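Q: A single structure is presented below for examination.
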Amino acid sequence: MAATRNFCAAVLGTAVAVAVLTGCGGDTDAGGAPIVVPAATTAETGAFAGESADRIFSKAEEAMDSVTAVTVDVVLSDDEGDAHITAALTASGKCAASLENDGEDPVQVIGIHDAYYLKADASYWEDQDDSHGDVLARAFAGKWVRLPAQEQEADDLDQFCKLDSLLASVEEGDEVTGKDAPASHYGRAVVPLHERDDDGTTNTVYVAADGTPYILGLVSTDGGGSLRFSDFGKAPRISAPPAKDTVDLSSVGSDAPHLSV
């Protein structure tokens with residue numbers, strides 16, 4: 001499981017959404033650090049009593065692979081600042097996401113199968129091109145911009161806007177090294193698991209201890225970032241933007257930016 005490190009790298013590579021961040025950092029979210037408190041007992045009780053960390057994680061993988069819809073909340077930070085990404089996505093290939101960099105230049109993304117639409121304000125587009133930022137802002141500010149299919153920007157957006165790509169980033173396997181006593185994560189009973197990536201990065205994975213054993217959260221213990229899953233099975237209503245509010249990225253001709261990723 002390349003876990004947070006690979007997931008952060010993929011998301012931070014998406015400069016079309018978060019233009020200035022270059023690495024993964026702390027484990028805070030919009031409301032502070034992930035809320036994890038010890039349970040009242042440290043005894044081996046509940047659904048996973050006596051089970052190994054590997055076995056618990058295998059059950060969690062099976063549960064996540066059956067998810068039809070989910071919301072993911074990601075917080076990334078480095079010396080440049082903080083980025084906050086929230087995305088609701090479905091197994092049928094739809095996604096609605098919001099992205100902010102230090103609370104500025106908010107970006108909205110809609111994904112419908114292989115088509116992506118991006119909406120941002122004038123300051124975002126001005127920052128995309130030093131020479132033609134004013135042209136981009138006049139053409140695109142406040143409008144839904146359809147990104148060219150099969151471009152690198154779309155490939156990177158897949159990392160958090162396509163459910164199978166997102167789950168692969170969380171599940172692809174390294175070494176599960178152990179588990180902690182039962183705890184509470186955002187009010188849900190969990191079993192914390194530990195895993196180590198090939199590069200030595202360690203992560204804590206919070207698996208639901210009641211009901212379906214979904215992965216509820218993941219935090220890089222070296223400060224590499226965090227993500228949180230919620231609203232399992234709650235499919236959002238997502239449709240393409242109205243045609244009258246949509247423009248193609250290529251509509252500005254030679255001034256069309258290549259949104260570096």
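Please note that chains go A, B, ... in the order of the structure tokens, that every chain numbers its residues from 1, and that ligands are numbered from 1 in the order shown.
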Dump as CSV the rows for residues of range 140-169 of chain A within 9 Å of range 70-87 of chain A: closest atom pair and distance in Å with one decimal, only C-alpha atoms counted, ordered by chain and rising residue number.

A:
```
residue,atom,partner,partner_atom,distance
A:Phe160,CA,A:Ala87,CA,7.3
A:Cys161,CA,A:Ala87,CA,6.9
A:Leu163,CA,A:Val70,CA,8.2
```

Q: How about saving the chosen residues, N, CA and C atoms kept, as a compact mmCIF listing (two decimals), in the first residue's frame?

A:
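Contents of part.txt, as written:
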```
# COMPACT_ATOMS: atom_id res chain seq x y z
N PHE A 160 -7.75 11.40 -7.94
CA PHE A 160 -8.68 11.59 -6.83
C PHE A 160 -10.13 11.73 -7.29
N CYS A 161 -10.37 11.65 -8.61
CA CYS A 161 -11.73 11.80 -9.12
C CYS A 161 -12.25 10.52 -9.78
N LEU A 163 -12.87 6.59 -8.80
CA LEU A 163 -12.90 5.78 -7.59
C LEU A 163 -11.88 4.66 -7.63
```

Q: So which bits of range 73-260 of chain A end up strand (DSSP E or B) when you DSSP the backbone, as a PyMOL selection string?

A: chain A and resi 73-78+81-90+94-101+104-112+115-120+144-146+175-179+183-185+188-196+202-208+215-220+226-230+246-248

Q: Which polymer residues have any atom within 7 Å of an atom of range 245-249 of chain A, counting only C-alpha atoms, with same-chain residues fewer than 5 positions away left out, as an mmCIF file with N, CA, C and O atoms, in the first residue's frame?

A:
```cif
data_model
loop_
_atom_site.group_PDB
_atom_site.id
_atom_site.type_symbol
_atom_site.label_atom_id
_atom_site.label_comp_id
_atom_site.auth_asym_id
_atom_site.auth_seq_id
_atom_site.Cartn_x
_atom_site.Cartn_y
_atom_site.Cartn_z
ATOM 1 N N LYS A 143 -16.529 30.389 -15.555
ATOM 2 C CA LYS A 143 -17.132 29.457 -16.507
ATOM 3 C C LYS A 143 -16.595 28.046 -16.271
ATOM 4 O O LYS A 143 -15.528 27.857 -15.693
ATOM 5 N N TRP A 144 -17.359 27.086 -16.754
ATOM 6 C CA TRP A 144 -16.888 25.705 -16.716
ATOM 7 C C TRP A 144 -16.023 25.453 -17.942
ATOM 8 O O TRP A 144 -16.484 25.638 -19.074
ATOM 9 N N VAL A 145 -14.773 25.092 -17.724
ATOM 10 C CA VAL A 145 -13.824 24.877 -18.813
ATOM 11 C C VAL A 145 -13.626 23.375 -19.005
ATOM 12 O O VAL A 145 -13.215 22.668 -18.082
ATOM 13 N N ARG A 146 -13.961 22.908 -20.176
ATOM 14 C CA ARG A 146 -13.771 21.489 -20.468
ATOM 15 C C ARG A 146 -12.315 21.247 -20.829
ATOM 16 O O ARG A 146 -11.761 21.900 -21.729
ATOM 17 N N LEU A 147 -11.690 20.307 -20.120
ATOM 18 C CA LEU A 147 -10.287 19.995 -20.378
ATOM 19 C C LEU A 147 -10.176 19.005 -21.525
ATOM 20 O O LEU A 147 -11.014 18.116 -21.678
ATOM 21 N N ALA A 256 -4.029 29.319 -25.367
ATOM 22 C CA ALA A 256 -4.506 28.263 -24.463
ATOM 23 C C ALA A 256 -3.332 27.746 -23.639
ATOM 24 O O ALA A 256 -2.282 27.401 -24.192
#
```

Q: Let's see if you can do this: from backbone DSSP, list all alpha helix (DSSP H) residues in range 67-197 of chain A, as a ChimeraX atom specification.

A: /A:122-128,133-140,152-161,163-171

Q: Keeping only N, CA, C and O atoms, write the selected residues as a compact mmCIF listing (two decimals), in the first residue's frame.

A:
```txt
# COMPACT_ATOMS: atom_id res chain seq x y z
N ALA A 122 -11.09 34.60 -11.57
CA ALA A 122 -10.11 35.27 -12.42
C ALA A 122 -8.69 35.13 -11.90
O ALA A 122 -7.74 34.93 -12.68
N SER A 123 -8.51 35.21 -10.58
CA SER A 123 -7.15 35.16 -10.03
C SER A 123 -6.47 33.83 -10.32
O SER A 123 -5.25 33.78 -10.53
N TYR A 124 -7.24 32.75 -10.32
CA TYR A 124 -6.65 31.45 -10.65
C TYR A 124 -6.10 31.46 -12.07
O TYR A 124 -4.96 31.05 -12.31
N TRP A 125 -6.91 31.93 -13.01
CA TRP A 125 -6.47 31.90 -14.40
C TRP A 125 -5.34 32.89 -14.65
O TRP A 125 -4.44 32.62 -15.45
N GLU A 126 -5.34 34.01 -13.98
CA GLU A 126 -4.24 34.97 -14.12
C GLU A 126 -2.92 34.35 -13.68
O GLU A 126 -1.86 34.65 -14.24
N ASP A 127 -2.99 33.47 -12.67
CA ASP A 127 -1.77 32.84 -12.16
C ASP A 127 -1.25 31.74 -13.08
O ASP A 127 -0.13 31.26 -12.89
N GLN A 128 -2.06 31.30 -14.04
CA GLN A 128 -1.66 30.19 -14.89
C GLN A 128 -0.65 30.57 -15.97
O GLN A 128 0.07 29.73 -16.48
N GLY A 133 -2.23 35.81 -18.78
CA GLY A 133 -3.17 35.58 -17.69
C GLY A 133 -4.44 36.39 -17.81
O GLY A 133 -5.54 35.90 -17.50
N ASP A 134 -4.31 37.64 -18.30
CA ASP A 134 -5.51 38.48 -18.44
C ASP A 134 -6.43 37.93 -19.52
O ASP A 134 -7.66 37.98 -19.39
N VAL A 135 -5.85 37.35 -20.57
CA VAL A 135 -6.65 36.75 -21.64
C VAL A 135 -7.40 35.53 -21.10
O VAL A 135 -8.59 35.35 -21.37
N LEU A 136 -6.70 34.71 -20.34
CA LEU A 136 -7.32 33.52 -19.77
C LEU A 136 -8.44 33.90 -18.81
O LEU A 136 -9.50 33.28 -18.80
N ALA A 137 -8.19 34.91 -18.00
CA ALA A 137 -9.19 35.33 -17.03
C ALA A 137 -10.46 35.82 -17.73
O ALA A 137 -11.57 35.50 -17.31
N ARG A 138 -10.29 36.61 -18.79
CA ARG A 138 -11.47 37.11 -19.51
C ARG A 138 -12.24 35.96 -20.17
O ARG A 138 -13.47 35.98 -20.23
N ALA A 139 -11.50 34.96 -20.65
CA ALA A 139 -12.15 33.87 -21.37
C ALA A 139 -12.79 32.85 -20.45
O ALA A 139 -13.85 32.29 -20.77
N PHE A 140 -12.18 32.61 -19.27
CA PHE A 140 -12.56 31.45 -18.48
C PHE A 140 -13.12 31.74 -17.09
O PHE A 140 -13.76 30.87 -16.49
N GLN A 152 -2.52 15.19 -19.91
CA GLN A 152 -1.94 14.85 -18.61
C GLN A 152 -2.78 15.40 -17.47
O GLN A 152 -2.89 14.78 -16.42
N GLU A 153 -3.39 16.58 -17.66
CA GLU A 153 -4.22 17.14 -16.60
C GLU A 153 -5.33 16.19 -16.22
O GLU A 153 -5.61 15.96 -15.04
N ALA A 154 -5.99 15.60 -17.23
CA ALA A 154 -7.08 14.66 -16.96
C ALA A 154 -6.54 13.40 -16.28
O ALA A 154 -7.18 12.86 -15.37
N ASP A 155 -5.39 12.94 -16.70
CA ASP A 155 -4.79 11.76 -16.07
C ASP A 155 -4.54 11.99 -14.59
O ASP A 155 -4.76 11.11 -13.75
N ASP A 156 -4.07 13.19 -14.24
CA ASP A 156 -3.79 13.48 -12.83
C ASP A 156 -5.08 13.67 -12.03
O ASP A 156 -5.14 13.27 -10.87
N LEU A 157 -6.09 14.26 -12.63
CA LEU A 157 -7.36 14.39 -11.94
C LEU A 157 -7.96 13.02 -11.64
O LEU A 157 -8.67 12.84 -10.65
N ASP A 158 -7.66 12.02 -12.47
CA ASP A 158 -8.13 10.67 -12.22
C ASP A 158 -7.72 10.17 -10.84
O ASP A 158 -8.42 9.37 -10.22
N GLN A 159 -6.58 10.65 -10.33
CA GLN A 159 -6.03 10.11 -9.09
C GLN A 159 -6.94 10.34 -7.90
O GLN A 159 -6.91 9.58 -6.94
N PHE A 160 -7.75 11.40 -7.94
CA PHE A 160 -8.68 11.59 -6.83
C PHE A 160 -10.13 11.73 -7.29
O PHE A 160 -11.03 11.87 -6.47
N CYS A 161 -10.37 11.65 -8.61
CA CYS A 161 -11.73 11.80 -9.12
C CYS A 161 -12.25 10.52 -9.78
O CYS A 161 -13.38 10.49 -10.22
N LEU A 163 -12.87 6.59 -8.80
CA LEU A 163 -12.90 5.78 -7.59
C LEU A 163 -11.88 4.66 -7.63
O LEU A 163 -11.19 4.40 -6.64
N ASP A 164 -11.74 3.97 -8.77
CA ASP A 164 -10.79 2.87 -8.82
C ASP A 164 -9.36 3.36 -8.67
O ASP A 164 -8.54 2.72 -7.99
N SER A 165 -9.03 4.52 -9.25
CA SER A 165 -7.67 5.06 -9.11
C SER A 165 -7.40 5.49 -7.68
O SER A 165 -6.31 5.27 -7.14
N LEU A 166 -8.39 6.11 -7.06
CA LEU A 166 -8.24 6.55 -5.67
C LEU A 166 -8.00 5.37 -4.74
O LEU A 166 -7.07 5.38 -3.93
N LEU A 167 -8.82 4.33 -4.88
CA LEU A 167 -8.67 3.17 -4.00
C LEU A 167 -7.36 2.44 -4.27
O LEU A 167 -6.73 1.95 -3.33
N ALA A 168 -6.93 2.40 -5.52
CA ALA A 168 -5.64 1.77 -5.82
C ALA A 168 -4.51 2.49 -5.13
O ALA A 168 -3.55 1.87 -4.65
N SER A 169 -4.59 3.83 -5.06
CA SER A 169 -3.55 4.62 -4.40
C SER A 169 -3.47 4.28 -2.92
O SER A 169 -2.40 4.34 -2.31
N VAL A 170 -4.60 3.97 -2.32
CA VAL A 170 -4.64 3.68 -0.88
C VAL A 170 -4.28 2.23 -0.60
O VAL A 170 -3.66 1.92 0.41
N GLU A 171 -4.64 1.32 -1.50
CA GLU A 171 -4.54 -0.11 -1.20
C GLU A 171 -3.28 -0.79 -1.71
O GLU A 171 -2.92 -1.85 -1.22
```

Q: Could I get the residues of range 173-251 of chain A with an atom no further than 10 Å from an atom of range 102-114 of chain A, each paired with its nearest atom pair and that distance in Å to one decimal, using only C-alpha atoms, sorted by chain and residue number, as a Markdown table?

A:
```
| residue | atom | partner | partner_atom | distance |
| --- | --- | --- | --- | --- |
| A:Ile238 | CA | A:Ile110 | CA | 7.7 |
| A:Ser239 | CA | A:Ile112 | CA | 7.1 |
| A:Ala240 | CA | A:Ile112 | CA | 6.6 |
| A:Pro241 | CA | A:Ile110 | CA | 8.1 |
```

Q: With all heavy atoms retained, could you export that selection as a short mmCIF file (atom, residue, chain, number, x, y, z; two decimals), in the first residue's frame?

A:
```
data_model
loop_
_atom_site.label_atom_id
_atom_site.label_comp_id
_atom_site.auth_asym_id
_atom_site.auth_seq_id
_atom_site.Cartn_x
_atom_site.Cartn_y
_atom_site.Cartn_z
N ILE A 238 -24.67 14.09 -9.81
CA ILE A 238 -23.66 14.84 -10.57
C ILE A 238 -24.02 14.79 -12.05
O ILE A 238 -24.31 13.72 -12.59
CB ILE A 238 -22.25 14.24 -10.36
CG1 ILE A 238 -21.88 14.26 -8.87
CG2 ILE A 238 -21.22 15.00 -11.18
CD1 ILE A 238 -20.61 13.50 -8.56
N SER A 239 -24.01 15.94 -12.69
CA SER A 239 -24.27 16.00 -14.13
C SER A 239 -23.32 17.03 -14.74
O SER A 239 -22.75 17.87 -14.05
CB SER A 239 -25.72 16.38 -14.42
OG SER A 239 -26.05 17.62 -13.83
N ALA A 240 -23.15 16.96 -16.05
CA ALA A 240 -22.28 17.90 -16.75
C ALA A 240 -22.86 19.31 -16.64
O ALA A 240 -24.07 19.49 -16.55
CB ALA A 240 -22.15 17.50 -18.21
N PRO A 241 -22.00 20.32 -16.62
CA PRO A 241 -22.48 21.71 -16.57
C PRO A 241 -23.32 22.03 -17.80
O PRO A 241 -23.15 21.42 -18.86
CB PRO A 241 -21.19 22.53 -16.55
CG PRO A 241 -20.12 21.58 -16.15
CD PRO A 241 -20.54 20.25 -16.66
#
```

Q: Leaving out range 60-64 of chain A and any residue of its chain fewer than 2 positions from it, which residues lie within 9 Å of it when counting only C-alpha atoms, given as a list in words?

A: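 Contacts, in chain order: Arg55, Ile56, Phe57, Ser58, Ser66, Val67, Thr68, Leu167, Glu171, Val207, Ala208, Thr212, Pro213, Tyr214 and Ile215 of chain A.
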